[in-house]
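J.: Got a structure for you, questions after.
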Amino acid sequence: MKKFLGVWQKVLTWVMAGAVAILIIPVSIQIFSRFTELIPAYIWTEELSRFCFIWMVMIGAMIGVRERLHFDVDVWPKLTPRRDALLRMVSNVFVLAYTGVMIWWGIEFTKFGWNQTSELADLPMWLIFIAWPLTGISWLMFLVEAFIRDIDLYKRGEALAAGEFS
């Protein structure tokens, strides 16, 4: 599972880079069309920019959960490995609850937009709405991995604190 999640994270990273590259095109067209008469003012560029931005936010949230950068605040002093693992597990329970919301309502959101199209570019809206449940499912996979890792750290915490390494 760890290998699959590593590959999934790399895919997400490349998709994120692609979304950033794609975002540059419509935003540049918007900027140039405002200041010159050489390029007509296209309306679809705003919609495509918004859709790319939505996907960038969702993919960034997925990667952030895997890298323990999302939903994480360091306010505690240096803790023992066992307490640190326990605190992460408690924190991840709250993230897991929100993950359930993202999956459940994300599926409902996608069903709602299944037969809709965007106003300007005539894109199917499910391509945008599917980002919510996909984010939730990715979080779920990454959180299962984190729970397994933290439970193992919690069990080995006493040995780590005593300096015993297996």
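Within each chain, counting starts at residue 1; across the structure tokens, chains are named A, B, ... in the order shown, with ligands numbered 1 upward in that order.
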Would you pick out the contacts of region 140-150 of chain A at 9 Å or less, using only C-alpha atoms, so that residues sharing its chain but fewer than 6 positions from it are not included, and give the list as a PDB file with N, CA and C atoms, in the first residue's frame?
T.:
ATOM      1  N   MET A   1       0.823  -1.192   0.000  1.00  0.00           N
ATOM      2  CA  MET A   1       0.000   0.000   0.000  1.00  0.00           C
ATOM      3  C   MET A   1       0.867   1.254   0.000  1.00  0.00           C
ATOM      4  N   LYS A   2       1.988   1.194   0.741  1.00  0.00           N
ATOM      5  CA  LYS A   2       2.868   2.348   0.836  1.00  0.00           C
ATOM      6  C   LYS A   2       3.430   2.716  -0.542  1.00  0.00           C
ATOM      7  N   LEU A   5       0.679   4.369  -2.612  1.00  0.00           N
ATOM      8  CA  LEU A   5       0.428   5.744  -2.171  1.00  0.00           C
ATOM      9  C   LEU A   5       1.573   6.676  -2.578  1.00  0.00           C
ATOM     10  N   MET A  62      -4.661  17.267  -1.023  1.00  0.00           N
ATOM     11  CA  MET A  62      -4.337  15.839  -0.999  1.00  0.00           C
ATOM     12  C   MET A  62      -2.867  15.619  -0.652  1.00  0.00           C
ATOM     13  N   VAL A  65      -1.984  16.435   3.055  1.00  0.00           N
ATOM     14  CA  VAL A  65      -2.317  15.412   4.053  1.00  0.00           C
ATOM     15  C   VAL A  65      -1.260  14.315   4.048  1.00  0.00           C
ATOM     16  N   ARG A  66      -0.795  13.908   2.877  1.00  0.00           N
ATOM     17  CA  ARG A  66       0.229  12.857   2.804  1.00  0.00           C
ATOM     18  C   ARG A  66       1.529  13.319   3.444  1.00  0.00           C
ATOM     19  N   ARG A  68       1.888  15.496   5.764  1.00  0.00           N
ATOM     20  CA  ARG A  68       1.620  16.011   7.109  1.00  0.00           C
ATOM     21  C   ARG A  68       1.799  17.523   7.198  1.00  0.00           C
ATOM     22  N   ARG A  82       6.199   8.567  21.668  1.00  0.00           N
ATOM     23  CA  ARG A  82       4.910   7.931  21.938  1.00  0.00           C
ATOM     24  C   ARG A  82       3.795   8.971  22.055  1.00  0.00           C
ATOM     25  N   ASP A  84       3.885  12.019  20.897  1.00  0.00           N
ATOM     26  CA  ASP A  84       3.771  12.688  19.605  1.00  0.00           C
ATOM     27  C   ASP A  84       2.894  11.864  18.652  1.00  0.00           C
ATOM     28  N   ALA A  85       3.102  10.553  18.628  1.00  0.00           N
ATOM     29  CA  ALA A  85       2.282   9.671  17.784  1.00  0.00           C
ATOM     30  C   ALA A  85       0.824   9.698  18.239  1.00  0.00           C
ATOM     31  N   LEU A  86       0.602   9.694  19.559  1.00  0.00           N
ATOM     32  CA  LEU A  86      -0.768   9.740  20.083  1.00  0.00           C
ATOM     33  C   LEU A  86      -1.460  11.049  19.704  1.00  0.00           C
ATOM     34  N   ARG A  88      -0.785  12.958  17.134  1.00  0.00           N
ATOM     35  CA  ARG A  88      -1.076  12.928  15.697  1.00  0.00           C
ATOM     36  C   ARG A  88      -2.305  12.073  15.406  1.00  0.00           C
ATOM     37  N   MET A  89      -2.448  10.959  16.114  1.00  0.00           N
ATOM     38  CA  MET A  89      -3.620  10.105  15.903  1.00  0.00           C
ATOM     39  C   MET A  89      -4.904  10.834  16.296  1.00  0.00           C
ATOM     40  N   ASN A  92      -5.602  13.316  13.646  1.00  0.00           N
ATOM     41  CA  ASN A  92      -6.056  12.654  12.423  1.00  0.00           C
ATOM     42  C   ASN A  92      -7.484  12.130  12.534  1.00  0.00           C
ATOM     43  N   VAL A  93      -7.960  11.883  13.752  1.00  0.00           N
ATOM     44  CA  VAL A  93      -9.364  11.492  13.923  1.00  0.00           C
ATOM     45  C   VAL A  93     -10.275  12.634  13.465  1.00  0.00           C
ATOM     46  N   VAL A  95      -9.427  14.999  11.296  1.00  0.00           N
ATOM     47  CA  VAL A  95      -9.275  15.076   9.848  1.00  0.00           C
ATOM     48  C   VAL A  95     -10.095  13.965   9.192  1.00  0.00           C
ATOM     49  N   LEU A  96     -10.117  12.796   9.806  1.00  0.00           N
ATOM     50  CA  LEU A  96     -10.898  11.676   9.286  1.00  0.00           C
ATOM     51  C   LEU A  96     -12.395  11.999   9.276  1.00  0.00           C
ATOM     52  N   THR A  99     -12.947  14.145   6.466  1.00  0.00           N
ATOM     53  CA  THR A  99     -12.804  13.326   5.259  1.00  0.00           C
ATOM     54  C   THR A  99     -14.126  12.661   4.909  1.00  0.00           C
ATOM     55  N   GLY A 100     -14.827  12.164   5.919  1.00  0.00           N
ATOM     56  CA  GLY A 100     -16.143  11.571   5.682  1.00  0.00           C
ATOM     57  C   GLY A 100     -17.111  12.568   5.081  1.00  0.00           C
TER      58      GLY A 100
END
J.: Give me the residues within 12 Å of region 25-30 of chain A as a PyMOL selection string, counting only C-alpha atoms and dropping any in the same chain fewer than 4 places off.
T.: chain A and resi 18-21+34-53
J.: Show which residues sit within 10 Å of Phe112 (chain A), as a ChimeraX atom specification. Count only C-alpha atoms, and ignore same-chain residues fewer than 4 positions away.
T.: /A:106-108,116,125-126,129
J.: Mind writing the picked residues with C-alpha atoms as a PDB file, in the first residue's frame?
T.:
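In the end it all went to again-v6.pdb:
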ATOM      1  CA  GLY A 106     -18.669  15.316  -2.523  1.00  0.00           C
ATOM      2  CA  ILE A 107     -20.523  12.373  -4.053  1.00  0.00           C
ATOM      3  CA  GLU A 108     -23.811  14.235  -3.632  1.00  0.00           C
ATOM      4  CA  GLN A 116     -24.793  20.111 -16.046  1.00  0.00           C
ATOM      5  CA  MET A 125     -19.480  20.169 -14.477  1.00  0.00           C
ATOM      6  CA  TRP A 126     -18.870  16.708 -13.049  1.00  0.00           C
ATOM      7  CA  PHE A 129     -17.303  18.509  -8.872  1.00  0.00           C
TER       8      PHE A 129
END
J.: Please report, as a VMD selection string, each residue of chain A to which DSSP assigns helix (DSSP H, G or I) when run on this structure's backbone.
T.: chain A and resid 2 to 35 44 to 66 81 to 112 126 to 129 131 to 162
J.: So that I have them on file, write out the residues from the current selection with C-alpha atoms, as a CSV table (one decimal), in the first residue's frame.
T.:
chain,number,residue,atom,x,y,z
A,2,LYS,CA,2.9,2.3,0.8
A,3,LYS,CA,4.3,1.9,-2.7
A,4,PHE,CA,0.9,2.6,-4.3
A,5,LEU,CA,0.4,5.7,-2.2
A,6,GLY,CA,3.9,7.0,-3.1
A,7,VAL,CA,3.1,6.5,-6.8
A,8,TRP,CA,-0.3,8.3,-6.2
A,9,GLN,CA,1.5,11.2,-4.6
A,10,LYS,CA,3.9,11.5,-7.5
A,11,VAL,CA,1.0,11.4,-10.0
A,12,LEU,CA,-0.8,14.1,-7.9
A,13,THR,CA,2.4,16.2,-7.9
A,14,TRP,CA,2.7,16.0,-11.7
A,15,VAL,CA,-1.0,16.8,-12.2
A,16,MET,CA,-0.5,19.8,-9.9
A,17,ALA,CA,2.4,21.0,-12.1
A,18,GLY,CA,0.3,20.5,-15.2
A,19,ALA,CA,-2.6,22.4,-13.7
A,20,VAL,CA,-0.2,25.3,-12.9
A,21,ALA,CA,1.2,25.2,-16.4
A,22,ILE,CA,-2.3,25.1,-17.9
A,23,LEU,CA,-3.4,28.0,-15.6
A,24,ILE,CA,-0.7,30.2,-17.0
A,25,ILE,CA,-2.2,30.2,-20.5
A,26,PRO,CA,-5.8,31.5,-19.8
A,27,VAL,CA,-4.5,34.0,-17.2
A,28,SER,CA,-1.9,35.3,-19.7
A,29,ILE,CA,-4.6,35.6,-22.4
A,30,GLN,CA,-6.8,37.6,-20.0
A,31,ILE,CA,-4.0,40.0,-19.0
A,32,PHE,CA,-2.8,40.6,-22.6
A,33,SER,CA,-6.4,41.1,-23.9
A,34,ARG,CA,-7.0,43.8,-21.3
A,35,PHE,CA,-4.0,45.9,-22.4
A,44,TRP,CA,-13.9,31.4,-21.4
A,45,THR,CA,-10.4,32.1,-20.0
A,46,GLU,CA,-11.9,33.2,-16.7
A,47,GLU,CA,-13.9,30.0,-16.4
A,48,LEU,CA,-11.0,27.8,-17.3
A,49,SER,CA,-8.8,29.7,-14.8
A,50,ARG,CA,-11.3,29.1,-12.0
A,51,PHE,CA,-11.6,25.4,-12.8
A,52,CYS,CA,-7.8,24.9,-12.8
A,53,PHE,CA,-7.6,26.8,-9.5
A,54,ILE,CA,-10.2,24.5,-7.9
A,55,TRP,CA,-8.2,21.5,-9.0
A,56,MET,CA,-5.0,23.0,-7.8
A,57,VAL,CA,-6.4,23.6,-4.3
A,58,MET,CA,-7.8,20.1,-4.0
A,59,ILE,CA,-4.7,18.4,-5.3
A,60,GLY,CA,-2.6,20.6,-2.9
A,61,ALA,CA,-4.8,19.5,0.0
A,62,MET,CA,-4.3,15.8,-1.0
A,63,ILE,CA,-0.6,16.2,-1.1
A,64,GLY,CA,-0.6,18.2,2.1
A,65,VAL,CA,-2.3,15.4,4.1
A,66,ARG,CA,0.2,12.9,2.8
A,81,PRO,CA,7.8,9.8,20.3
A,82,ARG,CA,4.9,7.9,21.9
A,83,ARG,CA,3.0,11.1,22.9
A,84,ASP,CA,3.8,12.7,19.6
A,85,ALA,CA,2.3,9.7,17.8
A,86,LEU,CA,-0.8,9.7,20.1
A,87,LEU,CA,-1.3,13.5,19.5
A,88,ARG,CA,-1.1,12.9,15.7
A,89,MET,CA,-3.6,10.1,15.9
A,90,VAL,CA,-6.0,12.3,17.8
A,91,SER,CA,-5.6,15.1,15.3
A,92,ASN,CA,-6.1,12.7,12.4
A,93,VAL,CA,-9.4,11.5,13.9
A,94,PHE,CA,-10.7,15.0,13.4
A,95,VAL,CA,-9.3,15.1,9.8
A,96,LEU,CA,-10.9,11.7,9.3
A,97,ALA,CA,-14.3,13.1,10.4
A,98,TYR,CA,-13.9,15.9,7.8
A,99,THR,CA,-12.8,13.3,5.3
A,100,GLY,CA,-16.1,11.6,5.7
A,101,VAL,CA,-17.9,14.9,5.0
A,102,MET,CA,-15.8,15.4,1.9
A,103,ILE,CA,-16.6,12.0,0.5
A,104,TRP,CA,-20.3,11.9,1.4
A,105,TRP,CA,-21.2,15.4,0.3
A,106,GLY,CA,-18.7,15.3,-2.5
A,107,ILE,CA,-20.5,12.4,-4.1
A,108,GLU,CA,-23.8,14.2,-3.6
A,109,PHE,CA,-22.2,17.3,-5.2
A,110,THR,CA,-21.0,15.3,-8.1
A,111,LYS,CA,-24.4,13.7,-8.7
A,112,PHE,CA,-25.9,17.2,-8.6
A,126,TRP,CA,-18.9,16.7,-13.0
A,127,LEU,CA,-15.2,17.2,-14.1
A,128,ILE,CA,-15.0,19.9,-11.6
A,129,PHE,CA,-17.3,18.5,-8.9
A,131,ALA,CA,-12.6,16.9,-7.2
A,132,TRP,CA,-14.3,16.9,-3.8
A,133,PRO,CA,-14.9,13.1,-3.4
A,134,LEU,CA,-11.6,12.3,-5.0
A,135,THR,CA,-9.9,14.6,-2.4
A,136,GLY,CA,-11.8,12.8,0.4
A,137,ILE,CA,-10.9,9.3,-0.9
A,138,SER,CA,-7.2,10.3,-1.2
A,139,TRP,CA,-7.3,11.7,2.3
A,140,LEU,CA,-8.8,8.5,3.5
A,141,MET,CA,-6.0,6.4,1.9
A,142,PHE,CA,-3.3,8.8,3.3
A,143,LEU,CA,-4.8,8.8,6.7
A,144,VAL,CA,-5.0,5.0,6.9
A,145,GLU,CA,-1.3,5.0,6.1
A,146,ALA,CA,-0.6,7.7,8.8
A,147,PHE,CA,-2.7,5.7,11.4
A,148,ILE,CA,-0.7,2.5,10.7
A,149,ARG,CA,2.6,4.5,11.0
A,150,ASP,CA,1.5,6.3,14.2
A,151,ILE,CA,0.2,3.1,15.8
A,152,ASP,CA,3.5,1.4,15.1
A,153,LEU,CA,5.4,4.5,16.5
A,154,TYR,CA,3.1,4.4,19.6
A,155,LYS,CA,3.9,0.8,20.2
A,156,ARG,CA,7.6,1.3,19.8
A,157,GLY,CA,7.6,4.6,21.6
A,158,GLU,CA,8.9,3.2,24.9
A,159,ALA,CA,11.7,1.4,23.1
A,160,LEU,CA,12.6,4.6,21.2
A,161,ALA,CA,12.5,6.7,24.4
A,162,ALA,CA,14.9,4.2,26.0
J.: Please report the interatomic distance between CA of Gly113 (chain A) and CA of Ile130 (chain A) in Å with one decimal.
T.: 9.1 Å
